[in-house]
Each structure stands twice: as structure tokens, then as C-alpha cells.
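Visitor: This is the structure, below, for whatever I ask next.
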Amino acid sequence: MRTMAAPLSQSATQKVSSNELLRFIRSNAAETLTPQELLTWGIKNFAPNLALSCSFGAPEGLALLDMMHRIDPASRVFVLDTGRMRQETYDLIDRVRDRYDKNVEVVFPRSEDVEAMVRERGLNLFYESVENRQRCCRVRKVEPMNRYLAESGLQAWVTGLRRDQNVTRGDTPKVEVDELHGGIIKLNPIADWSHDQVMDYIEEHDVPTNRLHAQGYPSVGCAPCSRAIGPGDDIRAGRWWWESPDTKECGIHVDEENEGSGI
Ligand code: SF4
């Protein structure tokens with residue numbers, strides 16, 4: 001179960017008072033807001049120190065990018081480049097740069113960490129054990145994310161998490177204090193949306209998406225760890241398909257100590 005007990009970071013209280021923010025979170029008022037209303041609230045209170053985390057491999061992040069751009073053309077977006085991504089994903093990043101005239105902030109893993117891991121466990125370590133897969137995600141995703149959020153001066157970040165994506169995401173609130181990242185604010189504006197609602201938004205607003213969706217990939221992750229799914233398969237069945245559903249998190253959104261499944 002998630003808790004809201006973490007003290008707010010000082011930076012998160014600059015535009016909206018700590019008490020006001022906590023009242024807003026505890027009132028569950030965000031649960032009644034549309035994604036655009038919650039994003040408008042976030043941009044008003046935190047921009048330019050608010051950014052969207054977008055993988056460029058799932059439609060959720062692109063829908064949010066489009067919404068945020070319509071509210072504030074200067075809205076920020078960042079992506080973690082793990083070094084193992086598909087060419088189609090890199091192509092999409094450049095298409096978004098052109099379409100929205102947006103400077104996508106690309107965050108890389110530390111080369112010394114990647115080199116040490118590969119020397120010790122090999123290039124394809126993730127297939128050998130959950131522990132190895134979690135280590136690769138930690139080196140290529142979690143550490144860069146933690147470093148970026150700690151060093152970029154962000155007061156809030158936005159994610160495309162949805163409650164029905166996985167068993168590990170069923171209790172995702174629309175707004176929370178992010179205890180894993182120093183008490184900054186985390187907005188999950190489409191937590192209560194379905195996949196169909198996301199796709200309706202994408203179609204209605206002609207939002208660019210990853211070309212691999214048309215080839216059976218509902219979600220495109222790193223090349224070795226995502227594959228196309230068949231009709232009737234669970235939407236996340238193509239990610240880490242050799243693992244059980246309760247370990248399928250990269251660690252960016254879960255507390256590995258408290259929630260077990262971890263990174
Ligand atoms: S998804 Fe696969 S390749 Fe990417 S960081 Fe995780 S284990 Fe490594």
C-alpha cells in the first residue's frame with residue numbers, strides 16, 4: 001500500500017504552500033479532475049520545474065505530451081535512453097522534436113556502471129535470472145531516473161501510469177508525494193483511463209506514436225525485452241515475457257523494499 005507520509009521537499013513548496021498541497025492530495029480532489037485539468041494545475045504550480053517522463057514506446061506518454069503541449073508549448077519532456085532501445089523509438093523521438101518543436105531531454109546511464117555490469121554478467125544477462133534483469137533495469141533506467149530527478153531541479157513530474165496496466169499499478173493515485181524521489185510531486189493524470197480512452201485521444205488529435213504498435217507491440221521497451229503479442233494476450237504480455245506478472249516492474253515506480261517486486 002502506498003503511503004503519503006513523506007515530508008515535502010522544500011523545492012516542491014515554492015509556488016504552492018506545503019499545507020495547501022497536502023490538503024489537495026489528502027482530499028482526493030485530483031481524482032475528480034480530467035487529465036487536462038490536473039495537468040493545468042501542475043503546470044500552473046510547478047512549471048518550468050515540471051516534466052513529463054515519456055518512454056516513447058507507449059501511447060500514454062505521447063497522449064500526455066500532446067495535452068501538455070496544448071496547455072503550455074514550453075512544457076518539458078524527458079526520456080531515458082537505456083542504450084538498448086529500438087530504432088523505431090529513436091525515430092519517434094525525432095518526429096516529436098519536429099512536430100512540437102520540443103527539446104526532448106535525453107538521459108543516459110552512467111557508462112562505468114554499464115561497463116562493469118556487462119563485464120561481470122554479459123550483454124544478455126537479463127534472460128538468466130530476475131536478479132540479473134533487475135540489475136540491468138537498475139543500471140539503465142532506475143539510476144539515471146533517480147539522478148535526473150535529483151539533479152534537474154524538478155519540483156514535480158508526470159507519468160502515464162494507468163491502474164489497469166498491471167497488478168502492481170492497481171492503487172496508483174492521480175497525485176502523490178513521491179517518496180522514492182525526495183518528496184517531489186508525482187502526477188499520474190490518466191491513472192483511471194483505459195487503453196481505449198488513450199487510443200481515442202491519440203486518434204482524435206493525430207498524435208505521433210511508435211510505428212511498432214501497428215506490428216503488435218502495445219508497448220515498446222528495450223529491444224531484447226519486448227516483443228509483439230497475439231490477439232487476446234494481456235497488454236503487457238510482451239514485456240519480460242519469461243517472468244511472472246508480479247515481478248514486471250523496472251523499479252522506477254515501485255519501492256523495492258516495501259513492495260517486494262522491485263526493480
Ligand atoms: S528492459 Fe531489458 S534491456 Fe532494458 S534496462 Fe531492463 S533488463 Fe535491461
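If you're wondering about the labels, chains in the C-alpha cells are A, B, ... by order shown, residues count from 1 in each chain, ligands from 1 in order shown.
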Give the residues close to ligand 1, within 6 Å, counting only C-alpha atoms and all ligand atoms; write them as a list in words.
Guide: Thr82, Arg84, Phe126, Arg133, Cys136, Cys137, Arg140, Lys141, Cys222, Pro224 and Cys225 of chain A
Visitor: Only C-alpha atoms, please: the residues just picked out, written as a PDB file, in the first residue's frame.
Guide:
ATOM      1  CA  THR A  82      18.844   2.768 -21.985  1.00  0.00           C
ATOM      2  CA  ARG A  84      19.084  -0.937 -25.893  1.00  0.00           C
ATOM      3  CA  PHE A 126      18.535 -10.207 -18.271  1.00  0.00           C
ATOM      4  CA  ARG A 133      17.100  -8.383 -15.206  1.00  0.00           C
ATOM      5  CA  CYS A 136      20.094  -4.203 -15.811  1.00  0.00           C
ATOM      6  CA  CYS A 137      16.934  -2.124 -15.260  1.00  0.00           C
ATOM      7  CA  ARG A 140      19.990   1.511 -17.364  1.00  0.00           C
ATOM      8  CA  LYS A 141      16.738   3.016 -16.010  1.00  0.00           C
ATOM      9  CA  CYS A 222      14.169  -2.226 -24.806  1.00  0.00           C
ATOM     10  CA  PRO A 224      15.738  -7.576 -26.046  1.00  0.00           C
ATOM     11  CA  CYS A 225      12.905  -7.306 -23.516  1.00  0.00           C
TER      12      CYS A 225
END
Visitor: At a cut-off of 9 Å, using only C-alpha atoms, what residues contact Ser219 (chain A)? Leave out same-chain residues fewer than 4 positions from it and give the result as a CSV table (one decimal) with N, CA and C atoms, in the first residue's frame.
Guide:
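As a result, out.csv now contains:
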chain,number,residue,atom,x,y,z
A,57,GLY,N,7.6,4.6,-26.1
A,57,GLY,CA,7.3,3.3,-26.5
A,57,GLY,C,5.9,2.9,-26.2
A,58,ALA,N,5.1,3.8,-25.6
A,58,ALA,CA,3.7,3.5,-25.2
A,58,ALA,C,2.9,4.8,-25.5
A,59,PRO,N,1.6,4.6,-25.9
A,59,PRO,CA,0.8,5.7,-26.3
A,59,PRO,C,0.5,6.7,-25.2
A,210,ASN,N,4.6,5.3,-31.7
A,210,ASN,CA,5.7,4.3,-32.1
A,210,ASN,C,5.1,3.4,-33.3
A,212,LEU,N,5.9,0.6,-34.1
A,212,LEU,CA,5.8,-0.8,-33.7
A,212,LEU,C,4.4,-1.2,-33.1
A,213,HIS,N,3.6,-0.2,-32.7
A,213,HIS,CA,2.3,-0.5,-32.2
A,213,HIS,C,1.5,-1.2,-33.3
A,226,SER,N,11.2,-6.7,-25.1
A,226,SER,CA,9.8,-6.5,-25.5
A,226,SER,C,9.6,-7.2,-26.9
A,227,ARG,N,8.4,-7.7,-27.0
A,227,ARG,CA,8.0,-8.4,-28.3
A,227,ARG,C,6.5,-8.2,-28.6
A,228,ALA,N,6.1,-8.6,-29.8
A,228,ALA,CA,4.7,-8.4,-30.2
A,228,ALA,C,3.9,-9.4,-29.4
A,235,ILE,N,-2.1,-7.0,-22.2
A,235,ILE,CA,-1.5,-5.9,-22.9
A,235,ILE,C,0.0,-5.8,-22.6
A,236,ARG,N,0.4,-6.4,-21.4
A,236,ARG,CA,1.9,-6.3,-21.0
A,236,ARG,C,2.5,-7.7,-21.2
A,238,GLY,N,3.9,-8.8,-23.7
A,238,GLY,CA,5.1,-8.8,-24.5
A,238,GLY,C,6.3,-8.2,-23.8
A,239,ARG,N,6.2,-7.8,-22.5
A,239,ARG,CA,7.3,-7.3,-21.8
A,239,ARG,C,7.8,-8.3,-20.8
Visitor: As a PDB file with C-alpha atoms, in the first residue's frame, please: the residues near Glu105 (chain A) (cut-off 9 Å, only C-alpha atoms, same-chain neighbours under 4 positions excluded).
Guide:
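Result file is around.pdb:
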ATOM      1  CA  ARG A  76       9.133  19.765 -20.691  1.00  0.00           C
ATOM      2  CA  VAL A  77       9.611  16.079 -21.512  1.00  0.00           C
ATOM      3  CA  PHE A  78      12.457  13.683 -20.807  1.00  0.00           C
ATOM      4  CA  VAL A  79      13.269  10.126 -21.906  1.00  0.00           C
ATOM      5  CA  LEU A  80      15.660   7.544 -20.515  1.00  0.00           C
TER       6      LEU A  80
END
Visitor: Record the distance separating CA of Ala29 (chain A) and CA of Tyr148 (chain A), expressed in Å with one decimal.
Guide: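 Separating CA of Ala29 (chain A) from CA of Tyr148 (chain A) is a distance of 29.0 Å.
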Visitor: Could you pull out the strand (DSSP E or B) residues of region 36-100 of chain A, going by DSSP on the backbone, and write them as a list in words?
Guide: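 Those residues are Leu50, Ala51, Leu52, Ser53, Arg76, Val77, Phe78, Val79, Leu80 and Met85 of chain A.
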Visitor: Could you write out that same residue set with C-alpha atoms as an mmCIF file, in the first residue's frame?
Guide:
data_model
loop_
_atom_site.group_PDB
_atom_site.id
_atom_site.type_symbol
_atom_site.label_atom_id
_atom_site.label_comp_id
_atom_site.auth_asym_id
_atom_site.auth_seq_id
_atom_site.Cartn_x
_atom_site.Cartn_y
_atom_site.Cartn_z
ATOM 1 C CA LEU A 50 7.735 20.069 -14.019
ATOM 2 C CA ALA A 51 8.442 17.499 -16.725
ATOM 3 C CA LEU A 52 6.789 14.535 -18.361
ATOM 4 C CA SER A 53 8.540 11.170 -18.265
ATOM 5 C CA ARG A 76 9.133 19.765 -20.691
ATOM 6 C CA VAL A 77 9.611 16.079 -21.512
ATOM 7 C CA PHE A 78 12.457 13.683 -20.807
ATOM 8 C CA VAL A 79 13.269 10.126 -21.906
ATOM 9 C CA LEU A 80 15.660 7.544 -20.515
ATOM 10 C CA MET A 85 16.111 0.819 -27.490
#
